[in-house]
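Undergrad: After the structure tokens below, expect a handful of questions from me.
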Amino acid sequence: MNLRTGIIIGFVAFNLQAQSAFEDFFTDQTMRVDYIHSGTAKTEAFSVDEIYIESVWAGSHKNLIDTLNLGKYLFEIYDVKTNQLIYSRGFCSIFGEWQTTDEAKNRRRAFSESIRFPNPKNKVKITLSSRDDNNIFMERWAIPVDPSKANIRRTNFYENINISKILDNGDPATKVDILILPDGYTKKEMKNFLKDAREMCDVLFATSPFKERKSDFNILAMELPSNASGIDNPRKEVYVDNALSCSFNSFESDRYILTWDNKTVCKAASAAPYDQLYILINSKKYGGGGIFNLYSTCIADNEWSGYIFVHEFGHAFAGLGDEYYTSDVAYDEFYNAGVEPWEPNVTALMDKKNVKWKALMDDETLVPTPWDKVVFDSTNRAHRKTTNQLKEKAAKDSAKAAHDQWRWDFLRAQEAWGTVGVFEGSGYSSEGLYRPYLDCRMFSRSLTGFDPVCLRAIEQMIDFYSE
Ligand SMILES: [Zn+2]
């Protein structure tokens, strides 16, 4: 047997093994467990809500165990008979973000959340872990689930709703399947929704690494109408009867769009196979959001829509962190001081010799890597002070555009431009957190590309889904 045949036989055997593992433990459907996640800034509790069996499982049949170690939470599925770990996934949640806001210090809140996994054939135990103060996963909750129980709901919701194929590359098991849901589009506006969804996907696939990996994606768009046009804008006292209850001003951040109505989102989405949910918002007002393995949101009708669409998908799909630190955010100590963040593109630089993206760095690059941060910061501060004093929108916009151009040129004129290094200022913090590159889609509000570390993280995630 020559080496080449050996590799091919080995590869086939490995695939068959993965296939049989899937078929031994799972049917081709999806199980969804809804639960309530409640607590305070420092405590958390979990309670089962409802369990569903949904449409076909869209995820990988091979990569059942999560090897990427991303997310604030991790759920694991164990086969009860053999006590074997048969599925796991990392994820983030609105509760997890809420815990870092001021409100969480003063009161309890409860959020509806869901986990989805291939429908088990036999009894399983589900465990849920969250990271402790040192970012180590600790088990917080364990429940048995018997899939043969009659009270598991099996209704096909939204059976007659129209679902359009925006991009069809075949078998969902070996593709990244994105389901786009509209919010704030009335029945009459569904044509606009499909047009907007196509435009946003064109922007995504014009951006690396999605451009090169387009054949690894499927995209569906569900024509779910809202009774009224637009979404809530609480700062202007605008309240709308929209299908998914998305709203601006989440956690008091004007541009942050989320929905608390997880049950309705999941119920609508259950009509189609998906790995990632994207909620497209019928609005001209700037805004969006993206939470790892939950969903992304983006407004469809703003000059910045293309930038936002891709940036938020970086959060929701690849677990990327924000690299910016000069804008207002709702979080109070989003990252624990002195603890290495789990995000692939943010580091607290606890071990200078072993930077987590070391493989992409040259040996001679200084750690941390020098750049003119003092000038950058003081110019940013001066710009904010002067634009805040401007009254007219047109004047504000033109000052912002001029400043954006200055930032773009300034970063590209740095000696370290084009170098993967360790640059101070990242993750909403001017000090103590570092980013891998001077500019990136996760750093600037601009159409710049993803930096090499983010590119690698996204590519790894595409591989994970498409194998
Ligand atoms: Zn972001």
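Residue names in the structure tokens use chain letters A, B, ... in the order shown, residue numbers from 1 in each chain, and ligand numbers from 1 in the order shown.
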Within 12 Å of ligand 1, counting only C-alpha atoms and all ligand atoms, which protein or nucleic acid residues do you find, written as a ChimeraX atom specification?
TA: /A:255-257,287-292,296-298,307-316,319-325,327-329,426-428,440-445
Undergrad: Please provide as a PyMOL selection string all residues within 6 Å of range 121-129 of chain A, with the sequence filter that same-chain residues fewer than 5 positions apart are discarded (counting only C-alpha atoms).
TA: chain A and resi 25-26+73-80+137-146
Undergrad: Looking only at alpha helix (DSSP H) from DSSP on the backbone, list the matching residues of range 260-398 of chain A as a ChimeraX atom specification.
TA: /A:262-269,305-318,373-389,393-398
Undergrad: Mind writing the picked residues with N, CA and C atoms as a CSV table (one decimal), in the first residue's frame?
TA:
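This went into selection.csv:
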chain,number,residue,atom,x,y,z
A,262,ASN,N,-37.2,35.7,22.7
A,262,ASN,CA,-36.6,34.5,22.2
A,262,ASN,C,-37.5,33.5,21.7
A,263,LYS,N,-38.7,33.3,22.4
A,263,LYS,CA,-39.6,32.2,22.1
A,263,LYS,C,-40.2,32.5,20.7
A,264,THR,N,-40.5,33.7,20.4
A,264,THR,CA,-41.1,34.0,19.0
A,264,THR,C,-40.1,33.8,17.9
A,265,VAL,N,-38.9,34.3,18.2
A,265,VAL,CA,-37.8,34.2,17.2
A,265,VAL,C,-37.6,32.7,16.9
A,266,CYS,N,-37.5,31.9,17.9
A,266,CYS,CA,-37.2,30.4,17.8
A,266,CYS,C,-38.4,29.7,17.1
A,267,LYS,N,-39.6,30.1,17.4
A,267,LYS,CA,-40.8,29.5,16.8
A,267,LYS,C,-40.8,29.8,15.3
A,268,ALA,N,-40.5,31.0,14.9
A,268,ALA,CA,-40.5,31.3,13.5
A,268,ALA,C,-39.4,30.6,12.8
A,269,ALA,N,-38.2,30.6,13.4
A,269,ALA,CA,-37.0,30.0,12.8
A,269,ALA,C,-37.1,28.5,12.6
A,305,SER,N,-25.2,50.2,6.4
A,305,SER,CA,-25.7,48.8,6.5
A,305,SER,C,-24.7,47.7,6.2
A,306,GLY,N,-24.0,47.9,5.1
A,306,GLY,CA,-23.0,46.9,4.6
A,306,GLY,C,-21.9,46.7,5.6
A,307,TYR,N,-21.4,47.7,6.2
A,307,TYR,CA,-20.4,47.6,7.2
A,307,TYR,C,-21.0,46.9,8.4
A,308,ILE,N,-22.1,47.3,8.9
A,308,ILE,CA,-22.7,46.7,10.1
A,308,ILE,C,-23.0,45.2,9.9
A,309,PHE,N,-23.6,44.8,8.7
A,309,PHE,CA,-24.0,43.5,8.5
A,309,PHE,C,-22.8,42.5,8.7
A,310,VAL,N,-21.7,42.9,8.1
A,310,VAL,CA,-20.5,42.0,8.2
A,310,VAL,C,-19.9,42.0,9.6
A,311,HIS,N,-19.8,43.2,10.2
A,311,HIS,CA,-19.2,43.3,11.5
A,311,HIS,C,-20.0,42.4,12.5
A,312,GLU,N,-21.3,42.5,12.5
A,312,GLU,CA,-22.1,41.8,13.5
A,312,GLU,C,-22.0,40.3,13.3
A,313,PHE,N,-22.0,39.9,12.0
A,313,PHE,CA,-21.8,38.5,11.7
A,313,PHE,C,-20.5,38.0,12.3
A,314,GLY,N,-19.5,38.8,12.3
A,314,GLY,CA,-18.2,38.4,12.9
A,314,GLY,C,-18.4,38.0,14.4
A,315,HIS,N,-19.2,38.8,15.1
A,315,HIS,CA,-19.5,38.4,16.5
A,315,HIS,C,-20.3,37.1,16.6
A,316,ALA,N,-21.4,37.1,15.8
A,316,ALA,CA,-22.3,36.0,16.0
A,316,ALA,C,-21.8,34.6,15.5
A,317,PHE,N,-21.1,34.7,14.4
A,317,PHE,CA,-20.6,33.5,13.8
A,317,PHE,C,-19.3,33.0,14.3
A,318,ALA,N,-18.3,33.9,14.4
A,318,ALA,CA,-16.9,33.5,14.8
A,318,ALA,C,-16.5,33.8,16.2
A,373,LYS,N,-0.3,55.9,19.8
A,373,LYS,CA,-1.6,55.8,20.5
A,373,LYS,C,-2.0,57.1,21.1
A,374,VAL,N,-1.0,57.8,21.7
A,374,VAL,CA,-1.2,59.1,22.4
A,374,VAL,C,-1.9,60.1,21.4
A,375,VAL,N,-1.3,60.2,20.2
A,375,VAL,CA,-1.8,61.2,19.2
A,375,VAL,C,-3.2,60.7,18.8
A,376,PHE,N,-3.4,59.4,18.5
A,376,PHE,CA,-4.6,58.9,18.1
A,376,PHE,C,-5.7,59.2,19.1
A,377,ASP,N,-5.4,58.9,20.4
A,377,ASP,CA,-6.4,59.1,21.4
A,377,ASP,C,-6.8,60.6,21.6
A,378,SER,N,-5.7,61.5,21.6
A,378,SER,CA,-6.0,62.9,21.8
A,378,SER,C,-6.8,63.5,20.7
A,379,THR,N,-6.5,63.0,19.4
A,379,THR,CA,-7.3,63.5,18.3
A,379,THR,C,-8.7,63.0,18.3
A,380,ASN,N,-8.9,61.8,18.7
A,380,ASN,CA,-10.3,61.3,18.9
A,380,ASN,C,-11.1,62.0,19.9
A,381,ARG,N,-10.4,62.3,21.0
A,381,ARG,CA,-11.1,63.1,22.1
A,381,ARG,C,-11.5,64.5,21.6
A,382,ALA,N,-10.6,65.1,20.9
A,382,ALA,CA,-10.8,66.5,20.4
A,382,ALA,C,-12.0,66.5,19.4
A,383,HIS,N,-12.0,65.5,18.6
A,383,HIS,CA,-13.1,65.3,17.6
A,383,HIS,C,-14.4,65.2,18.2
A,384,ARG,N,-14.5,64.3,19.3
A,384,ARG,CA,-15.8,64.1,19.9
A,384,ARG,C,-16.3,65.3,20.6
A,385,LYS,N,-15.4,66.1,21.2
A,385,LYS,CA,-15.7,67.3,21.9
A,385,LYS,C,-16.3,68.3,20.9
A,386,THR,N,-15.7,68.5,19.8
A,386,THR,CA,-16.2,69.5,18.8
A,386,THR,C,-17.5,69.0,18.1
A,387,THR,N,-17.6,67.7,17.8
A,387,THR,CA,-18.8,67.3,17.1
A,387,THR,C,-20.0,67.3,18.0
A,388,ASN,N,-19.7,67.0,19.3
A,388,ASN,CA,-20.9,67.1,20.3
A,388,ASN,C,-21.5,68.5,20.4
A,389,GLN,N,-20.6,69.5,20.1
A,389,GLN,CA,-21.1,70.9,20.2
A,389,GLN,C,-21.9,71.3,19.0
A,393,LYS,N,-27.4,68.2,11.9
A,393,LYS,CA,-27.0,66.9,11.6
A,393,LYS,C,-26.0,66.9,10.4
A,394,ALA,N,-26.2,67.7,9.4
A,394,ALA,CA,-25.4,67.7,8.3
A,394,ALA,C,-23.9,68.1,8.7
A,395,ALA,N,-23.8,69.1,9.6
A,395,ALA,CA,-22.5,69.5,10.1
A,395,ALA,C,-21.8,68.3,10.9
A,396,LYS,N,-22.6,67.6,11.7
A,396,LYS,CA,-22.1,66.5,12.5
A,396,LYS,C,-21.6,65.4,11.5
A,397,ASP,N,-22.4,65.1,10.5
A,397,ASP,CA,-22.1,64.0,9.6
A,397,ASP,C,-20.8,64.4,8.8
A,398,SER,N,-20.7,65.6,8.4
A,398,SER,CA,-19.5,66.0,7.6
A,398,SER,C,-18.2,66.0,8.5
Undergrad: Between A:Leu360, A:Leu258, A:Ile163, A:Leu366, which one has atoms that come closest to Cys454 in chain A, using only C-alpha atoms?
TA: A:Leu360
Undergrad: A:Phe423, A:Phe248, A:Lys356, A:Asn227: which is nearest Glu340 in chain A, counting only C-alpha atoms?
TA: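 Smallest separation from Glu340 in chain A among the options: A:Lys356.
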Undergrad: So the first atom is CA of Leu277 in chain A and the second is CA of Leu85 in chain A; what is the distance between them in Å, to one decimal place?
TA: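 Value for the CA of Leu277 in chain A-CA of Leu85 in chain A distance: 26.2 Å.
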